[in-house]
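The data block below is run10.txt; it holds compact mmCIF, C-alpha atoms.
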```txt
# COMPACT_ATOMS: atom_id res chain seq x y z
CA MET Z 1 140.32 -81.61 -105.56
CA LEU Z 2 137.01 -81.62 -107.44
CA LEU Z 3 138.42 -83.65 -110.36
CA GLN Z 4 139.91 -86.15 -107.93
CA ALA Z 5 136.52 -86.49 -106.22
CA ILE Z 6 134.87 -87.13 -109.59
CA ILE Z 7 137.40 -89.85 -110.44
CA ASN Z 8 136.89 -91.45 -107.03
CA GLY Z 9 133.13 -91.31 -107.54
CA ILE Z 10 133.31 -93.00 -110.94
CA LEU Z 11 135.53 -95.79 -109.58
CA LEU Z 12 133.18 -96.36 -106.64
CA GLY Z 13 130.06 -96.04 -108.79
CA ALA Z 14 130.67 -99.29 -110.67
CA VAL Z 15 130.63 -101.22 -107.38
CA TYR Z 16 127.45 -99.43 -106.34
CA GLY Z 17 126.00 -100.49 -109.68
CA THR Z 18 126.55 -104.19 -108.94
CA ILE Z 19 124.92 -103.67 -105.55
CA GLY Z 20 121.87 -102.08 -107.17
CA ILE Z 21 121.49 -104.56 -110.05
CA GLY Z 22 120.92 -107.60 -107.83
CA PHE Z 23 118.52 -105.76 -105.55
CA SER Z 24 116.59 -104.28 -108.48
CA LEU Z 25 116.39 -107.68 -110.19
CA VAL Z 26 114.46 -109.31 -107.36
CA TRP Z 27 112.29 -106.26 -106.85
CA GLY Z 28 111.42 -106.00 -110.53
CA VAL Z 29 110.80 -109.70 -111.18
CA MET Z 30 109.12 -110.87 -107.96
CA ASN Z 31 107.96 -107.57 -106.48
CA ILE Z 32 109.97 -108.36 -103.36
CA ILE Z 33 111.95 -105.69 -101.54
CA ASN Z 34 114.69 -108.03 -100.35
CA LEU Z 35 115.93 -106.57 -97.09
CA ALA Z 36 118.41 -109.46 -96.82
CA HIS Z 37 120.31 -108.28 -99.91
CA GLY Z 38 122.77 -106.33 -97.77
CA SER Z 39 123.44 -109.48 -95.75
CA PHE Z 40 124.24 -111.37 -98.96
CA ILE Z 41 126.83 -108.68 -99.71
CA MET Z 42 128.21 -109.12 -96.21
CA ILE Z 43 128.49 -112.90 -96.66
CA GLY Z 44 130.37 -112.37 -99.92
CA ALA Z 45 132.79 -110.03 -98.17
CA TYR Z 46 133.34 -112.45 -95.29
CA LEU Z 47 133.89 -115.39 -97.65
CA SER Z 48 136.44 -113.42 -99.66
CA TYR Z 49 138.12 -112.37 -96.40
CA THR Z 50 138.26 -115.97 -95.18
CA PHE Z 51 139.67 -117.31 -98.46
CA TYR Z 52 142.42 -114.69 -98.31
CA ILE Z 53 143.31 -115.13 -94.63
CA ALA Z 54 143.11 -118.94 -94.60
CA TYR Z 55 144.36 -119.83 -98.07
CA GLY Z 56 145.99 -116.66 -99.45
CA ILE Z 57 143.51 -116.41 -102.36
CA ASP Z 58 143.34 -112.89 -103.74
CA PRO Z 59 139.82 -111.40 -103.46
CA PHE Z 60 139.68 -110.92 -107.24
CA LEU Z 61 140.48 -114.61 -107.78
CA SER Z 62 137.91 -115.72 -105.19
CA ILE Z 63 135.04 -114.03 -107.05
CA PRO Z 64 133.92 -117.14 -109.01
CA ILE Z 65 133.85 -119.25 -105.82
CA VAL Z 66 131.97 -116.55 -103.91
CA MET Z 67 129.46 -116.19 -106.75
CA LEU Z 68 128.78 -119.93 -106.79
CA ILE Z 69 128.31 -120.16 -103.02
CA LEU Z 70 126.01 -117.13 -102.92
CA PHE Z 71 124.02 -118.40 -105.93
CA LEU Z 72 123.36 -121.67 -104.10
CA ILE Z 73 122.38 -119.83 -100.91
CA GLY Z 74 119.99 -117.55 -102.77
CA TYR Z 75 118.53 -120.40 -104.83
CA VAL Z 76 117.87 -122.60 -101.78
CA ILE Z 77 116.33 -119.76 -99.75
CA GLN Z 78 113.97 -118.87 -102.59
CA ARG Z 79 113.17 -122.46 -103.58
CA PHE Z 80 112.30 -123.78 -100.14
CA LEU Z 81 111.29 -120.69 -98.16
CA LEU Z 82 110.44 -117.53 -100.07
CA ASN Z 83 108.46 -119.35 -102.77
CA LEU Z 84 105.98 -120.28 -100.05
CA VAL Z 85 105.06 -116.62 -99.51
CA VAL Z 86 106.18 -114.94 -102.75
CA ARG Z 87 102.61 -114.38 -103.94
CA GLY Z 88 101.58 -112.94 -100.59
CA SER Z 89 101.34 -109.29 -99.64
CA ILE Z 90 104.38 -107.07 -99.68
CA PHE Z 91 104.12 -106.84 -95.87
CA ILE Z 92 104.64 -110.60 -95.58
CA THR Z 93 107.69 -110.65 -97.85
CA LEU Z 94 109.15 -107.57 -96.16
CA THR Z 95 108.75 -109.22 -92.76
CA PHE Z 96 110.28 -112.45 -94.03
CA THR Z 97 113.35 -110.83 -95.60
CA PHE Z 98 113.79 -108.57 -92.56
CA GLY Z 99 113.82 -111.64 -90.31
CA LEU Z 100 116.22 -113.35 -92.71
CA GLN Z 101 118.55 -110.36 -92.54
CA ILE Z 102 118.61 -110.57 -88.73
CA LEU Z 103 119.21 -114.33 -88.84
CA ILE Z 104 122.11 -114.01 -91.28
CA ALA Z 105 123.67 -111.20 -89.24
CA ASN Z 106 123.60 -113.32 -86.09
CA ILE Z 107 125.02 -116.39 -87.86
CA CYS Z 108 127.88 -114.25 -89.15
CA LEU Z 109 128.32 -112.87 -85.63
CA LEU Z 110 128.76 -116.41 -84.31
CA ILE Z 111 131.23 -117.37 -87.05
CA TRP Z 112 133.31 -114.20 -87.46
CA LYS Z 113 132.53 -112.37 -84.19
CA ALA Z 114 131.77 -108.65 -83.94
CA ASP Z 115 135.26 -107.36 -84.73
CA PHE Z 116 135.75 -105.24 -87.85
CA ARG Z 117 137.50 -107.21 -90.56
CA SER Z 118 139.50 -105.91 -93.51
CA ILE Z 119 142.12 -107.02 -96.02
CA ASN Z 120 145.40 -105.25 -96.64
CA LEU Z 121 146.63 -106.51 -100.00
CA PRO Z 122 150.31 -106.18 -101.00
CA TYR Z 123 149.36 -103.75 -103.78
CA SER Z 124 146.84 -101.73 -101.74
CA GLY Z 125 149.14 -98.70 -101.67
CA VAL Z 126 150.06 -98.76 -105.37
CA SER Z 127 148.65 -95.85 -107.40
CA LEU Z 128 148.85 -94.35 -110.84
CA SER Z 129 149.43 -90.63 -111.23
CA LEU Z 130 148.00 -88.90 -114.29
CA GLY Z 131 148.39 -85.14 -114.39
CA GLY Z 132 148.09 -84.80 -110.66
CA ILE Z 133 145.15 -87.22 -110.43
CA ILE Z 134 145.78 -90.24 -108.22
CA ILE Z 135 144.15 -93.51 -109.31
CA PRO Z 136 144.64 -96.35 -106.80
CA VAL Z 137 145.37 -99.56 -108.71
CA ILE Z 138 143.10 -101.64 -106.51
CA ARG Z 139 140.12 -99.31 -107.01
CA PHE Z 140 140.73 -99.26 -110.74
CA GLY Z 141 140.80 -103.05 -110.77
CA ILE Z 142 137.53 -103.14 -108.82
CA PHE Z 143 136.00 -100.73 -111.32
CA ILE Z 144 137.05 -102.90 -114.30
CA VAL Z 145 135.71 -106.11 -112.72
CA ALA Z 146 132.41 -104.44 -111.79
CA VAL Z 147 131.92 -103.09 -115.32
CA ILE Z 148 132.72 -106.48 -116.90
CA LEU Z 149 130.26 -108.27 -114.63
CA THR Z 150 127.59 -105.69 -115.38
CA ILE Z 151 128.06 -106.25 -119.12
CA LEU Z 152 127.94 -110.04 -118.66
CA PHE Z 153 124.74 -109.73 -116.65
CA TYR Z 154 123.22 -107.54 -119.36
CA LEU Z 155 124.07 -110.16 -121.99
CA PHE Z 156 122.75 -112.93 -119.76
CA MET Z 157 119.38 -111.21 -119.42
CA LYS Z 158 119.15 -110.34 -123.11
CA ARG Z 159 120.71 -113.28 -124.94
CA THR Z 160 119.99 -116.43 -122.90
CA LYS Z 161 116.81 -118.49 -122.55
CA VAL Z 162 116.92 -118.19 -118.77
CA GLY Z 163 117.34 -114.42 -118.96
CA LEU Z 164 114.44 -114.09 -121.39
CA ALA Z 165 112.32 -116.33 -119.14
CA ILE Z 166 113.11 -114.05 -116.19
CA SER Z 167 112.05 -111.02 -118.25
CA ALA Z 168 108.86 -112.77 -119.38
CA THR Z 169 107.99 -113.67 -115.79
CA ALA Z 170 108.57 -110.10 -114.71
CA GLN Z 171 106.23 -108.79 -117.43
CA ASN Z 172 103.40 -111.28 -117.01
CA TYR Z 173 103.38 -113.98 -114.34
CA GLU Z 174 100.31 -115.81 -115.63
CA GLY Z 175 101.37 -115.47 -119.25
CA ALA Z 176 104.76 -117.00 -118.47
CA ARG Z 177 103.07 -119.98 -116.80
CA VAL Z 178 100.76 -120.46 -119.77
CA VAL Z 179 103.66 -120.75 -122.23
CA GLY Z 180 105.40 -123.34 -120.06
CA VAL Z 181 107.82 -121.34 -117.91
CA ASP Z 182 108.52 -123.02 -114.57
CA VAL Z 183 107.93 -119.85 -112.56
CA ARG Z 184 108.98 -121.31 -109.21
CA ASN Z 185 112.32 -122.36 -110.67
CA ILE Z 186 112.76 -119.02 -112.46
CA TYR Z 187 112.10 -117.22 -109.17
CA SER Z 188 114.75 -119.38 -107.50
CA ILE Z 189 117.27 -118.69 -110.27
CA THR Z 190 116.48 -114.98 -110.05
CA MET Z 191 117.22 -114.93 -106.33
CA GLY Z 192 120.36 -116.99 -106.91
CA VAL Z 193 121.64 -114.56 -109.55
CA SER Z 194 120.80 -111.62 -107.28
CA ALA Z 195 122.68 -113.21 -104.38
CA ALA Z 196 125.65 -114.01 -106.65
CA LEU Z 197 125.85 -110.35 -107.71
CA ALA Z 198 125.64 -109.36 -104.05
CA GLY Z 199 128.51 -111.75 -103.31
CA VAL Z 200 130.60 -110.12 -106.02
CA SER Z 201 129.90 -106.73 -104.47
CA GLY Z 202 131.10 -108.05 -101.12
CA ALA Z 203 134.28 -109.48 -102.62
CA LEU Z 204 134.96 -106.14 -104.30
CA ILE Z 205 134.42 -103.96 -101.23
CA ILE Z 206 136.41 -106.02 -98.71
CA PRO Z 207 139.80 -104.70 -99.96
CA ILE Z 208 138.69 -101.08 -99.54
CA MET Z 209 136.48 -101.04 -96.44
CA SER Z 210 136.05 -102.76 -93.10
CA ILE Z 211 133.09 -105.04 -92.47
CA ASN Z 212 131.24 -106.42 -89.48
CA PRO Z 213 128.05 -108.53 -89.14
CA PHE Z 214 125.86 -105.44 -89.00
CA ILE Z 215 126.75 -103.66 -92.23
CA GLY Z 216 123.76 -105.24 -94.00
CA GLY Z 217 121.45 -102.40 -92.97
CA PRO Z 218 123.51 -99.52 -94.41
CA LEU Z 219 124.19 -101.53 -97.56
CA ILE Z 220 120.53 -102.26 -98.21
CA GLY Z 221 119.87 -98.53 -97.82
CA LYS Z 222 122.35 -97.84 -100.63
CA ALA Z 223 120.84 -100.59 -102.78
CA PHE Z 224 117.38 -99.06 -102.39
CA VAL Z 225 118.58 -95.59 -103.35
CA ILE Z 226 120.51 -96.92 -106.37
CA SER Z 227 117.55 -98.93 -107.66
CA VAL Z 228 115.14 -96.02 -107.41
CA LEU Z 229 117.62 -93.55 -108.90
CA GLY Z 230 118.36 -95.72 -111.91
CA GLY Z 231 114.81 -96.89 -112.44
CA LEU Z 232 113.40 -100.27 -111.52
CA GLY Z 233 113.83 -102.85 -114.25
CA SER Z 234 116.91 -101.49 -116.02
CA THR Z 235 120.41 -102.91 -115.93
CA VAL Z 236 121.81 -99.69 -117.40
CA GLY Z 237 119.73 -97.76 -114.89
CA ALA Z 238 121.22 -99.60 -111.93
CA LEU Z 239 124.74 -98.80 -113.16
CA ALA Z 240 123.74 -95.17 -113.74
CA GLY Z 241 122.12 -94.98 -110.31
CA GLY Z 242 125.28 -96.33 -108.72
CA LEU Z 243 127.40 -93.75 -110.52
CA VAL Z 244 125.08 -90.90 -109.54
CA LEU Z 245 125.03 -91.93 -105.88
CA ALA Z 246 128.80 -92.38 -105.73
CA LEU Z 247 129.44 -89.03 -107.42
CA VAL Z 248 127.02 -87.25 -105.10
CA GLU Z 249 128.70 -88.78 -102.07
CA THR Z 250 132.30 -88.14 -103.12
CA ILE Z 251 131.75 -84.64 -104.50
CA GLY Z 252 129.45 -83.70 -101.63
CA THR Z 253 132.02 -84.60 -99.01
CA THR Z 254 134.40 -82.04 -100.49
CA ILE Z 255 131.87 -79.41 -99.44
CA ILE Z 256 130.24 -80.77 -96.28
CA PRO Z 257 131.54 -83.12 -93.55
CA SER Z 258 131.79 -86.81 -94.51
CA SER Z 259 129.41 -87.71 -91.66
CA PHE Z 260 126.60 -86.40 -93.88
CA GLN Z 261 127.54 -88.68 -96.78
CA ASN Z 262 124.52 -90.98 -96.46
CA LEU Z 263 122.20 -87.99 -96.11
CA LEU Z 264 123.24 -86.70 -99.54
CA GLY Z 265 122.11 -89.89 -101.25
CA PHE Z 266 118.65 -89.73 -99.71
CA VAL Z 267 118.30 -86.06 -100.60
CA VAL Z 268 118.93 -86.96 -104.25
CA LEU Z 269 116.47 -89.86 -103.89
CA VAL Z 270 113.70 -87.51 -102.74
CA LEU Z 271 114.40 -85.11 -105.61
CA VAL Z 272 114.27 -87.92 -108.16
CA LEU Z 273 111.00 -89.24 -106.73
CA VAL Z 274 109.47 -85.77 -106.96
CA PHE Z 275 110.65 -84.79 -110.44
CA MET Z 276 111.35 -88.14 -112.14
CA PRO Z 277 109.46 -90.91 -110.30
CA GLN Z 278 110.31 -93.56 -112.91
CA GLY Z 279 114.03 -93.00 -112.32
CA LEU Z 280 116.68 -92.30 -114.92
CA PHE Z 281 116.09 -95.40 -117.06
CA GLY Z 282 112.90 -96.86 -115.63
CA LYS Z 283 111.59 -99.92 -117.46
CA ARG Z 284 108.99 -102.54 -116.72
CA SER Z 285 111.36 -105.47 -117.31
CA TYR Z 286 114.97 -106.43 -117.96
CA ASN Z 287 114.60 -106.48 -121.73
CA GLU Z 288 116.78 -103.41 -122.04
```

Will you turn the file into structure tokens for me?
Amino acid sequence: MLLQAIINGILLGAVYGTIGIGFSLVWGVMNIINLAHGSFIMIGAYLSYTFYIAYGIDPFLSIPIVMLILFLIGYVIQRFLLNLVVRGSIFITLTFTFGLQILIANICLLIWKADFRSINLPYSGVSLSLGGIIIPVIRFGIFIVAVILTILFYLFMKRTKVGLAISATAQNYEGARVVGVDVRNIYSITMGVSAALAGVSGALIIPIMSINPFIGGPLIGKAFVISVLGGLGSTVGALAGGLVLALVETIGTTIIPSSFQNLLGFVVLVLVLVFMPQGLFGKRSYNE
């Protein structure tokens, strides 16, 4: 039972990592705690659901389309709205993103209604059995996709001009402007990339959980815990934070009732803040 819980936690942890990376990116680069990040995940899940129901497109195959749509949404929101207040106080940006989260939730409520939505894929019940350990094929596929996207994001931040410009802006806003970086555009790209990663997370979770227009709140809570656990400003840290949170939740529920699952994550968060405030891999920028 314990080994099975560990396997389940590892498979879930990669998805949590993608949730945390996008949230941590915006926080680390623009110093914005984006409370609408959970709603971006929700949009990604709804889009993947709609593509499957209306056109029969497998959620895994819809990922590129979902990423593009969410990138455009994030880019436009940052370019024409958030850039107007991005240099303001954290209270202003918190209020703005909180209002945005409510707006998105209500738009989704109008489009998809309040019913819980889920996808039952033809291979949802297929599993691999290894020495008594059950590995659902769909969860393993989600794990592989999440790891690949995390690696691609790491390479994007480390090896491309845009990624290096994002890192430079995160380290020194004025310095980046002096050397010719279009900071407003970099901020917009950063939000677009964050939203695209959130969309991927939504597309990955829709085959394994039900969604409704109000799941943004619980999801942003997980993103916050993951980012702090891993350490703000670290791609590897976000993946590690996701793995830690998932393992704590899955292993913990073998001991205590599953209704306390979310509580376990916040208990670990408090312990990390007390004994390791920088997180597991805390960095000042995404150069790692």

(request) Write out as a list of chain:residue names each polymer residue whose atoms come within 12 Å of Ala176 in chain Z, counting all atoms listed in the file; drop sequence neighbours fewer than 3 positions from it. (result)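 Close residues of Ala176 in chain Z: Z:Val29, Z:Leu164, Z:Ala165, Z:Ile166, Z:Ser167, Z:Ala168, Z:Thr169, Z:Ala170, Z:Gln171, Z:Asn172, Z:Tyr173, Z:Val179, Z:Gly180, Z:Val181, Z:Asp182, Z:Val183, Z:Arg184, Z:Ile186, Z:Tyr187.
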
Print the selection's residues with C-alpha atoms to a file, as a tab-separated table (two decimals), keeping the file's coordinate frame.
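The new file result_24.tsv reads:
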```
chain	number	residue	atom	x	y	z
Z	29	VAL	CA	110.80	-109.70	-111.18
Z	164	LEU	CA	114.44	-114.09	-121.39
Z	165	ALA	CA	112.32	-116.33	-119.14
Z	166	ILE	CA	113.11	-114.05	-116.19
Z	167	SER	CA	112.05	-111.02	-118.25
Z	168	ALA	CA	108.86	-112.77	-119.38
Z	169	THR	CA	107.99	-113.67	-115.79
Z	170	ALA	CA	108.57	-110.10	-114.71
Z	171	GLN	CA	106.23	-108.79	-117.43
Z	172	ASN	CA	103.40	-111.28	-117.01
Z	173	TYR	CA	103.38	-113.98	-114.34
Z	179	VAL	CA	103.66	-120.75	-122.23
Z	180	GLY	CA	105.40	-123.34	-120.06
Z	181	VAL	CA	107.82	-121.34	-117.91
Z	182	ASP	CA	108.52	-123.02	-114.57
Z	183	VAL	CA	107.93	-119.85	-112.56
Z	184	ARG	CA	108.98	-121.31	-109.21
Z	186	ILE	CA	112.76	-119.02	-112.46
Z	187	TYR	CA	112.10	-117.22	-109.17
```

(request) Kindly indicate which residue among Z:Gly199, Z:Pro136, Z:Gly74, Z:Pro122 lies nearest to Gly56 in chain Z, using all atoms listed in the file for the distances. (result)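 Looking at the shortest contact to Gly56 in chain Z, the residue is Z:Pro122.
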
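Among the candidates Z:Tyr16, Z:Phe40, Z:Phe116, Z:Phe281, the residue lying nearest to Leu232 in chain Z is Z:Phe281 (atoms considered: all atoms listed in the file).
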
(request) Could you check how far CA of Ile208 in chain Z sits from CA of Tyr154 in chain Z, in Å to one decimal? (result)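 Those two atoms sit 26.0 Å apart.
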
(request) Give the answer as one residue: which of Z:Tyr75, Z:Ala5, Z:His37, Z:Lys113 has the shortest atom-to-atom distance to Leu100 in chain Z, using only C-alpha atoms? (result)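 Among the listed residues, the smallest separation from Leu100 in chain Z belongs to Z:His37.
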
(request) Compute the distance from (129.7, -112.2, -107.1) to each atom, counting all atoms listed in the file, keep the residues with any atom at most 10 Å away, and return them as a PyMOL selection string; use the coordinates of the file. (result) chain Z and resi 18-19+22+40-41+44-45+62-71+146+149+193-204

Got time to write the residues from that selection, C-alpha atoms, as a PDB file, keeping the file's coordinate frame?
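Contents of again27.pdb, freshly written:
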```
ATOM      1  CA  THR Z  18     126.550-104.190-108.940  1.00  0.00           C
ATOM      2  CA  ILE Z  19     124.920-103.670-105.550  1.00  0.00           C
ATOM      3  CA  GLY Z  22     120.920-107.600-107.830  1.00  0.00           C
ATOM      4  CA  PHE Z  40     124.240-111.370 -98.960  1.00  0.00           C
ATOM      5  CA  ILE Z  41     126.830-108.680 -99.710  1.00  0.00           C
ATOM      6  CA  GLY Z  44     130.370-112.370 -99.920  1.00  0.00           C
ATOM      7  CA  ALA Z  45     132.790-110.030 -98.170  1.00  0.00           C
ATOM      8  CA  SER Z  62     137.910-115.720-105.190  1.00  0.00           C
ATOM      9  CA  ILE Z  63     135.040-114.030-107.050  1.00  0.00           C
ATOM     10  CA  PRO Z  64     133.920-117.140-109.010  1.00  0.00           C
ATOM     11  CA  ILE Z  65     133.850-119.250-105.820  1.00  0.00           C
ATOM     12  CA  VAL Z  66     131.970-116.550-103.910  1.00  0.00           C
ATOM     13  CA  MET Z  67     129.460-116.190-106.750  1.00  0.00           C
ATOM     14  CA  LEU Z  68     128.780-119.930-106.790  1.00  0.00           C
ATOM     15  CA  ILE Z  69     128.310-120.160-103.020  1.00  0.00           C
ATOM     16  CA  LEU Z  70     126.010-117.130-102.920  1.00  0.00           C
ATOM     17  CA  PHE Z  71     124.020-118.400-105.930  1.00  0.00           C
ATOM     18  CA  ALA Z 146     132.410-104.440-111.790  1.00  0.00           C
ATOM     19  CA  LEU Z 149     130.260-108.270-114.630  1.00  0.00           C
ATOM     20  CA  VAL Z 193     121.640-114.560-109.550  1.00  0.00           C
ATOM     21  CA  SER Z 194     120.800-111.620-107.280  1.00  0.00           C
ATOM     22  CA  ALA Z 195     122.680-113.210-104.380  1.00  0.00           C
ATOM     23  CA  ALA Z 196     125.650-114.010-106.650  1.00  0.00           C
ATOM     24  CA  LEU Z 197     125.850-110.350-107.710  1.00  0.00           C
ATOM     25  CA  ALA Z 198     125.640-109.360-104.050  1.00  0.00           C
ATOM     26  CA  GLY Z 199     128.510-111.750-103.310  1.00  0.00           C
ATOM     27  CA  VAL Z 200     130.600-110.120-106.020  1.00  0.00           C
ATOM     28  CA  SER Z 201     129.900-106.730-104.470  1.00  0.00           C
ATOM     29  CA  GLY Z 202     131.100-108.050-101.120  1.00  0.00           C
ATOM     30  CA  ALA Z 203     134.280-109.480-102.620  1.00  0.00           C
ATOM     31  CA  LEU Z 204     134.960-106.140-104.300  1.00  0.00           C
TER      32      LEU Z 204
END
```

(message) Please report the interatomic distance between CA of Gly38 in chain Z and CA of Gly217 in chain Z in Å with one decimal.
(response) 6.3 Å

Up to 12 Å from (121.2, -99.8, -113.2) in the file's coordinates: name the residues, counting only C-alpha atoms, as a CSV table (one decimal) with C-alpha atoms, in the coordinates of the input.
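The new file selection-v3.csv reads:
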```
chain,number,residue,atom,x,y,z
Z,13,GLY,CA,130.1,-96.0,-108.8
Z,14,ALA,CA,130.7,-99.3,-110.7
Z,15,VAL,CA,130.6,-101.2,-107.4
Z,16,TYR,CA,127.4,-99.4,-106.3
Z,17,GLY,CA,126.0,-100.5,-109.7
Z,18,THR,CA,126.6,-104.2,-108.9
Z,19,ILE,CA,124.9,-103.7,-105.6
Z,20,GLY,CA,121.9,-102.1,-107.2
Z,21,ILE,CA,121.5,-104.6,-110.0
Z,22,GLY,CA,120.9,-107.6,-107.8
Z,23,PHE,CA,118.5,-105.8,-105.6
Z,24,SER,CA,116.6,-104.3,-108.5
Z,25,LEU,CA,116.4,-107.7,-110.2
Z,28,GLY,CA,111.4,-106.0,-110.5
Z,147,VAL,CA,131.9,-103.1,-115.3
Z,150,THR,CA,127.6,-105.7,-115.4
Z,151,ILE,CA,128.1,-106.2,-119.1
Z,153,PHE,CA,124.7,-109.7,-116.6
Z,154,TYR,CA,123.2,-107.5,-119.4
Z,223,ALA,CA,120.8,-100.6,-102.8
Z,224,PHE,CA,117.4,-99.1,-102.4
Z,225,VAL,CA,118.6,-95.6,-103.4
Z,226,ILE,CA,120.5,-96.9,-106.4
Z,227,SER,CA,117.6,-98.9,-107.7
Z,228,VAL,CA,115.1,-96.0,-107.4
Z,229,LEU,CA,117.6,-93.6,-108.9
Z,230,GLY,CA,118.4,-95.7,-111.9
Z,231,GLY,CA,114.8,-96.9,-112.4
Z,232,LEU,CA,113.4,-100.3,-111.5
Z,233,GLY,CA,113.8,-102.8,-114.2
Z,234,SER,CA,116.9,-101.5,-116.0
Z,235,THR,CA,120.4,-102.9,-115.9
Z,236,VAL,CA,121.8,-99.7,-117.4
Z,237,GLY,CA,119.7,-97.8,-114.9
Z,238,ALA,CA,121.2,-99.6,-111.9
Z,239,LEU,CA,124.7,-98.8,-113.2
Z,240,ALA,CA,123.7,-95.2,-113.7
Z,241,GLY,CA,122.1,-95.0,-110.3
Z,242,GLY,CA,125.3,-96.3,-108.7
Z,243,LEU,CA,127.4,-93.8,-110.5
Z,244,VAL,CA,125.1,-90.9,-109.5
Z,245,LEU,CA,125.0,-91.9,-105.9
Z,279,GLY,CA,114.0,-93.0,-112.3
Z,280,LEU,CA,116.7,-92.3,-114.9
Z,281,PHE,CA,116.1,-95.4,-117.1
Z,282,GLY,CA,112.9,-96.9,-115.6
Z,283,LYS,CA,111.6,-99.9,-117.5
Z,286,TYR,CA,115.0,-106.4,-118.0
Z,288,GLU,CA,116.8,-103.4,-122.0
```

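CA of Leu152 in chain Z lies 22.8 Å from CA of Pro207 in chain Z.
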
(message) At a cut-off of 6 Å, using only C-alpha atoms, what residues contact Glu249 in chain Z? Leave out same-chain residues fewer than 3 positions from it and give the result as a list in words.
(response)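 The neighbour list is Ala246, Gly252 and Gln261 of chain Z.
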
Would you mind exporting the chosen residues as a PDB file, in the coordinates of the input, restricted to C-alpha atoms?
```
ATOM      1  CA  ALA Z 246     128.800 -92.380-105.730  1.00  0.00           C
ATOM      2  CA  GLY Z 252     129.450 -83.700-101.630  1.00  0.00           C
ATOM      3  CA  GLN Z 261     127.540 -88.680 -96.780  1.00  0.00           C
TER       4      GLN Z 261
END
```

(request) Would you mind listing what lies within 9 Å of Phe214 in chain Z as a ChimeraX atom specification, with all atoms listed in the file counted and same-chain residues fewer than 3 positions away left out? (result) /Z:39,42,102,105-106,109,114,211,217-218

(message) Let me make sure I understand: among Z:Gly163, Z:Ala36, Z:Ser129, Z:Leu273, which one has the smallest atom-to-atom distance to Ile73 in chain Z if we use all atoms listed in the file?
(response)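 That would be Z:Ala36, the residue with the smallest distance to Ile73 in chain Z.
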
(message) Calculated over all atoms listed in the file, which of the candidates Z:Met30, Z:Leu247, Z:Met191, Z:Ile107 has the smallest distance to Ser89 in chain Z?
(response) Z:Met30

(request) Would you mind telling me which residue in Z:Ile133, Z:Val267, Z:Ile251, Z:Val86 lies nearest to Asn34 in chain Z when using all atoms listed in the file? (result)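 Looking at the shortest contact to Asn34 in chain Z, the residue is Z:Val86.
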
(message) Just want the 8 Å neighbourhood of Ile33 in chain Z, counted on only C-alpha atoms, with same-chain residues fewer than 5 positions away dropped. Output as a VMD selection string.
(response) chain Z and resid 23 26 to 27 90 93 to 94 97

Include C-alpha atoms and write out the residues we just selected as an mmCIF file, keeping the file's coordinate frame.
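Result went into again26.cif, see below:
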```cif
data_model
loop_
_atom_site.group_PDB
_atom_site.id
_atom_site.type_symbol
_atom_site.label_atom_id
_atom_site.label_comp_id
_atom_site.auth_asym_id
_atom_site.auth_seq_id
_atom_site.Cartn_x
_atom_site.Cartn_y
_atom_site.Cartn_z
ATOM 1 C CA PHE Z 23 118.520 -105.760 -105.550
ATOM 2 C CA VAL Z 26 114.460 -109.310 -107.360
ATOM 3 C CA TRP Z 27 112.290 -106.260 -106.850
ATOM 4 C CA ILE Z 90 104.380 -107.070 -99.680
ATOM 5 C CA THR Z 93 107.690 -110.650 -97.850
ATOM 6 C CA LEU Z 94 109.150 -107.570 -96.160
ATOM 7 C CA THR Z 97 113.350 -110.830 -95.600
#
```
